[in-house]
>>> print(open('start_28.cif').read())   # mmCIF, N, CA and C atoms
data_coords
#
loop_
_atom_site.label_atom_id
_atom_site.label_comp_id
_atom_site.auth_asym_id
_atom_site.auth_seq_id
_atom_site.Cartn_x
_atom_site.Cartn_y
_atom_site.Cartn_z
N MET U 28 97.59 92.50 129.79
CA MET U 28 97.41 93.03 128.45
C MET U 28 98.46 92.46 127.51
N ILE U 29 99.73 92.51 127.93
CA ILE U 29 100.79 92.03 127.04
C ILE U 29 100.68 90.53 126.83
N TRP U 30 100.23 89.78 127.84
CA TRP U 30 100.10 88.34 127.66
C TRP U 30 98.97 88.01 126.71
N HIS U 31 97.90 88.81 126.76
CA HIS U 31 96.80 88.62 125.83
C HIS U 31 97.28 88.87 124.39
N LEU U 32 98.02 89.95 124.20
CA LEU U 32 98.57 90.28 122.88
C LEU U 32 99.52 89.17 122.42
N TYR U 33 100.39 88.73 123.33
CA TYR U 33 101.36 87.68 123.03
C TYR U 33 100.64 86.41 122.60
N PHE U 34 99.61 86.02 123.36
CA PHE U 34 98.87 84.81 123.05
C PHE U 34 98.17 84.93 121.70
N SER U 35 97.55 86.08 121.44
CA SER U 35 96.84 86.29 120.17
C SER U 35 97.78 86.16 118.98
N VAL U 36 98.93 86.78 119.07
CA VAL U 36 99.88 86.71 117.97
C VAL U 36 100.42 85.30 117.80
N LEU U 37 100.68 84.62 118.90
CA LEU U 37 101.16 83.24 118.79
C LEU U 37 100.12 82.35 118.10
N CYS U 38 98.85 82.58 118.38
CA CYS U 38 97.80 81.80 117.71
C CYS U 38 97.81 82.04 116.21
N ILE U 39 98.00 83.30 115.82
CA ILE U 39 98.06 83.62 114.39
C ILE U 39 99.26 82.92 113.75
N ILE U 40 100.41 83.00 114.40
CA ILE U 40 101.63 82.42 113.83
C ILE U 40 101.53 80.90 113.76
N LYS U 41 100.94 80.28 114.76
CA LYS U 41 100.83 78.82 114.73
C LYS U 41 100.01 78.35 113.53
N GLN U 42 99.09 79.18 113.06
CA GLN U 42 98.31 78.81 111.89
C GLN U 42 99.18 78.72 110.65
N PHE U 43 100.29 79.43 110.65
CA PHE U 43 101.18 79.40 109.49
C PHE U 43 101.93 78.08 109.38
N VAL U 44 102.19 77.43 110.49
CA VAL U 44 103.00 76.22 110.43
C VAL U 44 102.15 74.96 110.43
N LYS U 45 100.87 75.07 110.71
CA LYS U 45 99.99 73.91 110.68
C LYS U 45 99.28 73.84 109.35
N THR U 46 99.13 72.63 108.84
CA THR U 46 98.34 72.49 107.62
C THR U 46 96.91 72.09 107.96
N ASN U 47 96.73 71.40 109.07
CA ASN U 47 95.38 71.04 109.52
C ASN U 47 95.15 71.69 110.88
N LEU U 48 94.12 72.48 110.95
CA LEU U 48 93.78 73.12 112.21
C LEU U 48 92.67 72.29 112.84
N PRO U 49 92.98 71.57 113.95
CA PRO U 49 92.03 70.58 114.47
C PRO U 49 90.70 71.15 114.94
N HIS U 50 90.67 72.35 115.50
CA HIS U 50 89.43 72.87 116.07
C HIS U 50 88.83 73.98 115.23
N SER U 51 89.31 74.14 114.02
CA SER U 51 88.77 75.21 113.18
C SER U 51 87.66 74.65 112.31
N LYS U 52 86.95 75.56 111.68
CA LYS U 52 85.90 75.17 110.75
C LYS U 52 86.45 75.19 109.33
N GLN U 53 87.75 74.93 109.20
CA GLN U 53 88.40 74.94 107.89
C GLN U 53 87.82 73.81 107.04
N ARG U 54 87.39 74.17 105.84
CA ARG U 54 86.87 73.17 104.92
C ARG U 54 88.01 72.32 104.38
N LYS U 55 87.71 71.12 103.97
CA LYS U 55 88.75 70.19 103.52
C LYS U 55 89.53 70.72 102.33
N ASN U 56 88.89 71.41 101.41
CA ASN U 56 89.57 71.92 100.23
C ASN U 56 90.11 73.32 100.41
N GLU U 57 89.91 73.89 101.58
CA GLU U 57 90.38 75.25 101.83
C GLU U 57 91.90 75.24 102.03
N PRO U 58 92.62 76.13 101.37
CA PRO U 58 94.08 76.14 101.51
C PRO U 58 94.51 76.63 102.90
N SER U 59 95.65 76.15 103.35
CA SER U 59 96.20 76.61 104.62
C SER U 59 96.70 78.04 104.45
N LEU U 60 97.01 78.69 105.55
CA LEU U 60 97.55 80.04 105.46
C LEU U 60 98.89 80.05 104.73
N ASP U 61 99.70 79.02 104.96
CA ASP U 61 100.97 78.93 104.22
C ASP U 61 100.71 78.92 102.72
N GLU U 62 99.72 78.13 102.29
CA GLU U 62 99.39 78.06 100.86
C GLU U 62 98.84 79.39 100.35
N ARG U 63 98.03 80.05 101.16
CA ARG U 63 97.44 81.33 100.74
C ARG U 63 98.48 82.43 100.66
N PHE U 64 99.48 82.40 101.53
CA PHE U 64 100.48 83.46 101.57
C PHE U 64 101.72 83.14 100.73
N ILE U 65 101.71 82.03 100.01
CA ILE U 65 102.88 81.69 99.20
C ILE U 65 103.14 82.75 98.14
N SER U 66 102.09 83.37 97.64
CA SER U 66 102.27 84.42 96.64
C SER U 66 102.37 85.81 97.29
N ARG U 67 102.32 85.86 98.60
CA ARG U 67 102.42 87.13 99.34
C ARG U 67 103.42 87.00 100.49
N PRO U 68 104.66 86.68 100.17
CA PRO U 68 105.64 86.45 101.25
C PRO U 68 105.87 87.67 102.12
N HIS U 69 105.69 88.87 101.56
CA HIS U 69 105.89 90.08 102.35
C HIS U 69 104.85 90.19 103.47
N LEU U 70 103.62 89.74 103.24
CA LEU U 70 102.61 89.78 104.28
C LEU U 70 102.90 88.73 105.36
N ARG U 71 103.34 87.57 104.93
CA ARG U 71 103.70 86.53 105.90
C ARG U 71 104.86 87.00 106.77
N ARG U 72 105.86 87.64 106.15
CA ARG U 72 107.01 88.17 106.91
C ARG U 72 106.56 89.20 107.93
N ARG U 73 105.60 90.05 107.54
CA ARG U 73 105.12 91.07 108.46
C ARG U 73 104.47 90.43 109.68
N LEU U 74 103.66 89.38 109.48
CA LEU U 74 103.03 88.70 110.61
C LEU U 74 104.09 88.06 111.51
N LEU U 75 105.11 87.50 110.90
CA LEU U 75 106.19 86.92 111.71
C LEU U 75 106.93 88.00 112.47
N MET U 76 107.08 89.17 111.87
CA MET U 76 107.73 90.29 112.56
C MET U 76 106.92 90.74 113.77
N ILE U 77 105.59 90.69 113.64
CA ILE U 77 104.73 91.05 114.77
C ILE U 77 104.94 90.06 115.91
N ALA U 78 105.02 88.78 115.59
CA ALA U 78 105.27 87.78 116.63
C ALA U 78 106.63 88.00 117.28
N ASP U 79 107.64 88.30 116.47
CA ASP U 79 108.98 88.58 117.02
C ASP U 79 108.95 89.81 117.91
N MET U 80 108.19 90.82 117.51
CA MET U 80 108.09 92.04 118.29
C MET U 80 107.48 91.75 119.65
N VAL U 81 106.45 90.90 119.69
CA VAL U 81 105.83 90.55 120.96
C VAL U 81 106.83 89.81 121.84
N ASP U 82 107.57 88.87 121.27
CA ASP U 82 108.60 88.16 122.04
C ASP U 82 109.62 89.12 122.61
N GLN U 83 110.05 90.07 121.79
CA GLN U 83 111.04 91.05 122.23
C GLN U 83 110.47 91.94 123.34
N ALA U 84 109.22 92.35 123.20
CA ALA U 84 108.60 93.20 124.22
C ALA U 84 108.51 92.48 125.55
N VAL U 85 108.19 91.19 125.51
CA VAL U 85 108.13 90.39 126.74
C VAL U 85 109.53 90.26 127.34
N ALA U 86 110.52 89.96 126.49
CA ALA U 86 111.89 89.80 126.97
C ALA U 86 112.44 91.10 127.57
N GLU U 87 112.03 92.24 127.03
CA GLU U 87 112.51 93.52 127.53
C GLU U 87 111.73 94.00 128.74
N GLY U 88 110.65 93.30 129.08
CA GLY U 88 109.84 93.71 130.22
C GLY U 88 109.07 94.99 129.96
N CYS U 89 108.63 95.19 128.73
CA CYS U 89 107.88 96.39 128.38
C CYS U 89 106.58 96.47 129.15
N THR U 90 106.12 97.69 129.33
CA THR U 90 104.79 97.87 129.92
C THR U 90 103.75 97.53 128.87
N ALA U 91 102.53 97.35 129.31
CA ALA U 91 101.44 97.05 128.38
C ALA U 91 101.29 98.19 127.37
N HIS U 92 101.43 99.42 127.84
CA HIS U 92 101.30 100.58 126.96
C HIS U 92 102.38 100.56 125.87
N GLU U 93 103.62 100.25 126.24
CA GLU U 93 104.71 100.19 125.26
C GLU U 93 104.49 99.06 124.26
N ALA U 94 104.06 97.92 124.77
CA ALA U 94 103.81 96.78 123.89
C ALA U 94 102.67 97.09 122.93
N GLU U 95 101.64 97.74 123.43
CA GLU U 95 100.51 98.10 122.58
C GLU U 95 100.94 99.07 121.48
N ALA U 96 101.77 100.06 121.84
CA ALA U 96 102.25 101.03 120.85
C ALA U 96 103.06 100.33 119.77
N ARG U 97 103.90 99.39 120.16
CA ARG U 97 104.69 98.64 119.17
C ARG U 97 103.77 97.82 118.26
N ALA U 98 102.79 97.16 118.87
CA ALA U 98 101.88 96.32 118.09
C ALA U 98 101.07 97.16 117.12
N ILE U 99 100.59 98.30 117.56
CA ILE U 99 99.80 99.17 116.69
C ILE U 99 100.63 99.60 115.49
N GLU U 100 101.89 99.93 115.71
CA GLU U 100 102.76 100.34 114.60
C GLU U 100 102.95 99.19 113.61
N GLN U 101 103.17 97.98 114.10
CA GLN U 101 103.36 96.83 113.22
C GLN U 101 102.07 96.51 112.45
N ILE U 102 100.94 96.62 113.12
CA ILE U 102 99.67 96.34 112.45
C ILE U 102 99.36 97.41 111.42
N ARG U 103 99.73 98.66 111.70
CA ARG U 103 99.58 99.73 110.71
C ARG U 103 100.39 99.41 109.47
N LYS U 104 101.63 98.94 109.68
CA LYS U 104 102.48 98.58 108.54
C LYS U 104 101.88 97.40 107.77
N LEU U 105 101.32 96.44 108.50
CA LEU U 105 100.66 95.31 107.85
C LEU U 105 99.50 95.80 107.00
N GLY U 106 98.72 96.73 107.53
CA GLY U 106 97.60 97.30 106.78
C GLY U 106 98.07 97.99 105.51
N GLN U 107 99.19 98.71 105.59
CA GLN U 107 99.73 99.37 104.40
C GLN U 107 100.14 98.35 103.36
N GLU U 108 100.76 97.27 103.80
CA GLU U 108 101.19 96.23 102.86
C GLU U 108 100.00 95.52 102.24
N VAL U 109 98.94 95.28 103.02
CA VAL U 109 97.73 94.66 102.49
C VAL U 109 97.11 95.56 101.43
N LEU U 110 97.02 96.85 101.72
CA LEU U 110 96.44 97.79 100.78
C LEU U 110 97.28 97.89 99.50
N LYS U 111 98.59 97.89 99.64
CA LYS U 111 99.47 97.92 98.47
C LYS U 111 99.28 96.66 97.62
N ASP U 112 99.20 95.53 98.29
CA ASP U 112 99.00 94.26 97.59
C ASP U 112 97.67 94.29 96.84
N TRP U 113 96.62 94.77 97.49
CA TRP U 113 95.32 94.88 96.85
C TRP U 113 95.38 95.80 95.63
N ALA U 114 96.02 96.95 95.78
CA ALA U 114 96.10 97.92 94.68
C ALA U 114 96.84 97.33 93.49
N GLU U 115 97.94 96.64 93.75
CA GLU U 115 98.72 96.06 92.66
C GLU U 115 97.93 94.99 91.92
N LYS U 116 97.11 94.23 92.66
CA LYS U 116 96.36 93.15 92.03
C LYS U 116 95.09 93.66 91.35
N SER U 117 94.50 94.73 91.83
CA SER U 117 93.25 95.21 91.25
C SER U 117 93.46 96.26 90.16
N GLU U 118 94.63 96.87 90.08
CA GLU U 118 94.87 97.94 89.11
C GLU U 118 94.69 97.49 87.66
N PRO U 119 95.22 96.36 87.23
CA PRO U 119 95.04 95.97 85.82
C PRO U 119 93.56 95.82 85.44
N ASN U 120 92.78 95.21 86.32
CA ASN U 120 91.35 95.03 86.03
C ASN U 120 90.64 96.37 85.98
N ALA U 121 90.95 97.27 86.91
CA ALA U 121 90.33 98.60 86.92
C ALA U 121 90.71 99.38 85.66
N ARG U 122 91.95 99.25 85.23
CA ARG U 122 92.40 99.95 84.02
C ARG U 122 91.65 99.44 82.80
N HIS U 123 91.54 98.11 82.67
CA HIS U 123 90.83 97.53 81.53
C HIS U 123 89.36 97.92 81.54
N GLN U 124 88.77 97.92 82.71
CA GLN U 124 87.36 98.29 82.82
C GLN U 124 87.15 99.75 82.43
N ALA U 125 88.03 100.63 82.90
CA ALA U 125 87.92 102.06 82.56
C ALA U 125 88.10 102.27 81.06
N GLN U 126 89.05 101.57 80.45
CA GLN U 126 89.28 101.72 79.01
C GLN U 126 88.11 101.15 78.21
N ALA U 127 87.46 100.10 78.73
CA ALA U 127 86.29 99.55 78.05
C ALA U 127 85.12 100.52 78.11
N GLU U 128 84.98 101.19 79.24
CA GLU U 128 83.89 102.14 79.39
C GLU U 128 84.15 103.43 78.61
N ASN U 129 85.42 103.80 78.46
CA ASN U 129 85.76 105.04 77.77
C ASN U 129 87.00 104.79 76.91
N PRO U 130 86.81 104.33 75.67
CA PRO U 130 87.94 103.97 74.80
C PRO U 130 88.89 105.13 74.48
N THR U 131 88.48 106.36 74.74
CA THR U 131 89.35 107.50 74.43
C THR U 131 90.42 107.72 75.50
N LEU U 132 90.34 106.98 76.59
CA LEU U 132 91.37 107.12 77.63
C LEU U 132 92.71 106.69 77.09
N ILE U 133 93.74 107.38 77.52
CA ILE U 133 95.09 107.01 77.10
C ILE U 133 95.75 106.22 78.22
N LYS U 134 96.72 105.43 77.84
CA LYS U 134 97.45 104.65 78.82
C LYS U 134 98.18 105.56 79.78
N TYR U 135 98.30 105.07 81.01
CA TYR U 135 99.06 105.81 82.01
C TYR U 135 100.53 105.73 81.65
N GLY U 136 101.21 106.82 81.82
CA GLY U 136 102.65 106.84 81.59
C GLY U 136 103.27 108.02 82.31
N LYS U 137 104.51 107.96 82.47
CA LYS U 137 105.23 109.06 83.12
C LYS U 137 105.19 110.29 82.21
N LYS U 138 104.95 111.44 82.84
CA LYS U 138 104.89 112.67 82.05
C LYS U 138 106.27 112.98 81.48
N THR U 139 106.27 113.39 80.25
CA THR U 139 107.51 113.86 79.64
C THR U 139 107.59 115.36 79.87
N ALA U 140 108.74 115.93 79.64
CA ALA U 140 108.91 117.37 79.80
C ALA U 140 108.00 118.12 78.83
N ASP U 141 107.85 117.62 77.60
CA ASP U 141 106.98 118.26 76.62
C ASP U 141 105.52 118.24 77.07
N LEU U 142 105.08 117.11 77.60
CA LEU U 142 103.70 117.01 78.07
C LEU U 142 103.47 117.94 79.25
N ALA U 143 104.40 117.99 80.18
CA ALA U 143 104.27 118.86 81.34
C ALA U 143 104.17 120.32 80.90
N LEU U 144 104.99 120.71 79.94
CA LEU U 144 104.96 122.08 79.43
C LEU U 144 103.62 122.38 78.76
N HIS U 145 103.13 121.44 77.96
CA HIS U 145 101.85 121.59 77.29
C HIS U 145 100.73 121.76 78.31
N LEU U 146 100.72 120.95 79.36
CA LEU U 146 99.67 121.03 80.37
C LEU U 146 99.73 122.36 81.11
N ARG U 147 100.94 122.83 81.42
CA ARG U 147 101.07 124.12 82.10
C ARG U 147 100.56 125.27 81.24
N ARG U 148 100.87 125.23 79.97
CA ARG U 148 100.46 126.32 79.06
C ARG U 148 98.95 126.37 78.88
N HIS U 149 98.34 125.20 78.74
CA HIS U 149 96.92 125.16 78.40
C HIS U 149 96.00 125.05 79.60
N PHE U 150 96.50 124.56 80.72
CA PHE U 150 95.61 124.36 81.86
C PHE U 150 96.09 125.08 83.11
N GLY U 151 97.17 125.83 83.01
CA GLY U 151 97.70 126.56 84.16
C GLY U 151 98.41 125.63 85.12
N GLY U 152 98.98 126.16 86.14
CA GLY U 152 99.61 125.31 87.14
C GLY U 152 101.03 125.33 87.13
#
>>> encode(input="start_28.cif", output="structure tokens")
Amino acid sequence: MIWHLYFSVLCIIKQFVKTNLPHSKQRKNEPSLDERFISRPHLRRRLLMIADMVDQAVAEGCTAHEAEARAIEQIRKLGQEVLKDWAEKSEPNARHQAQAENPTLIKYGKKTADLALHLRRHFGG
């Protein structure tokens, strides 16, 4: 189990350092993973951390169960970072679309003490 996980992660990491993948169906104009992740260095770092974690688990002689638990935690963190990245990139478009559909919407901003008091008085809470 751990060798399968180790091999899988190594395959992912090797894609980061190669610009041409000889046996892939990568199109000639398709950017490499390094090129795609240049604007998302935090995601690339997370993948490298997963590879390091696998190396460490092998070096420590972890059981398959321990290695799996570590990998699941790292992949969960990767998922959180992917979702955060998506939210940050899609928020401006969603905001503009919502304002176009309903021009009376106000811009998002931090509540002031006066606004919080007004909301409590008129809407409870």
>>> residues_around(input="start_28.cif", residues="region 97-108 of chain U", least_positions_apart="6", cutoff="7 Å", atoms="only N, CA and C atoms", output="mmCIF file with N, CA and C atoms, in the coordinates of the input")
data_model
loop_
_atom_site.group_PDB
_atom_site.id
_atom_site.type_symbol
_atom_site.label_atom_id
_atom_site.label_comp_id
_atom_site.auth_asym_id
_atom_site.auth_seq_id
_atom_site.Cartn_x
_atom_site.Cartn_y
_atom_site.Cartn_z
ATOM 1 N N LEU U 70 103.620 89.740 103.240
ATOM 2 C CA LEU U 70 102.610 89.780 104.280
ATOM 3 C C LEU U 70 102.900 88.730 105.360
ATOM 4 N N ARG U 73 105.600 90.050 107.540
ATOM 5 C CA ARG U 73 105.120 91.070 108.460
ATOM 6 C C ARG U 73 104.470 90.430 109.680
ATOM 7 N N LEU U 74 103.660 89.380 109.480
ATOM 8 C CA LEU U 74 103.030 88.700 110.610
ATOM 9 C C LEU U 74 104.090 88.060 111.510
ATOM 10 N N ILE U 77 105.590 90.690 113.640
ATOM 11 C CA ILE U 77 104.730 91.050 114.770
ATOM 12 C C ILE U 77 104.940 90.060 115.910
#
>>> atom_distance(input="start_28.cif", atom1="CA of Pro130 (chain U)", atom2="CA of Arg148 (chain U)")
26.0 Å
>>> atom_distance(input="start_28.cif", atom1="CA of Ile65 (chain U)", atom2="CA of Met80 (chain U)")
22.3 Å
>>> atom_distance(input="start_28.cif", atom1="atom C of Asp61 (chain U)", atom2="CA of Asp112 (chain U)")
16.3 Å
>>> axis_aligned_box(input="start_28.cif", around="region 102-114 of chain U", padding_each_side="8 Å", output="AutoDock Vina command-line options")
--center_x 98.9 --center_y 97.0 --center_z 103.3 --size_x 23.2 --size_y 21.5 --size_z 35.6
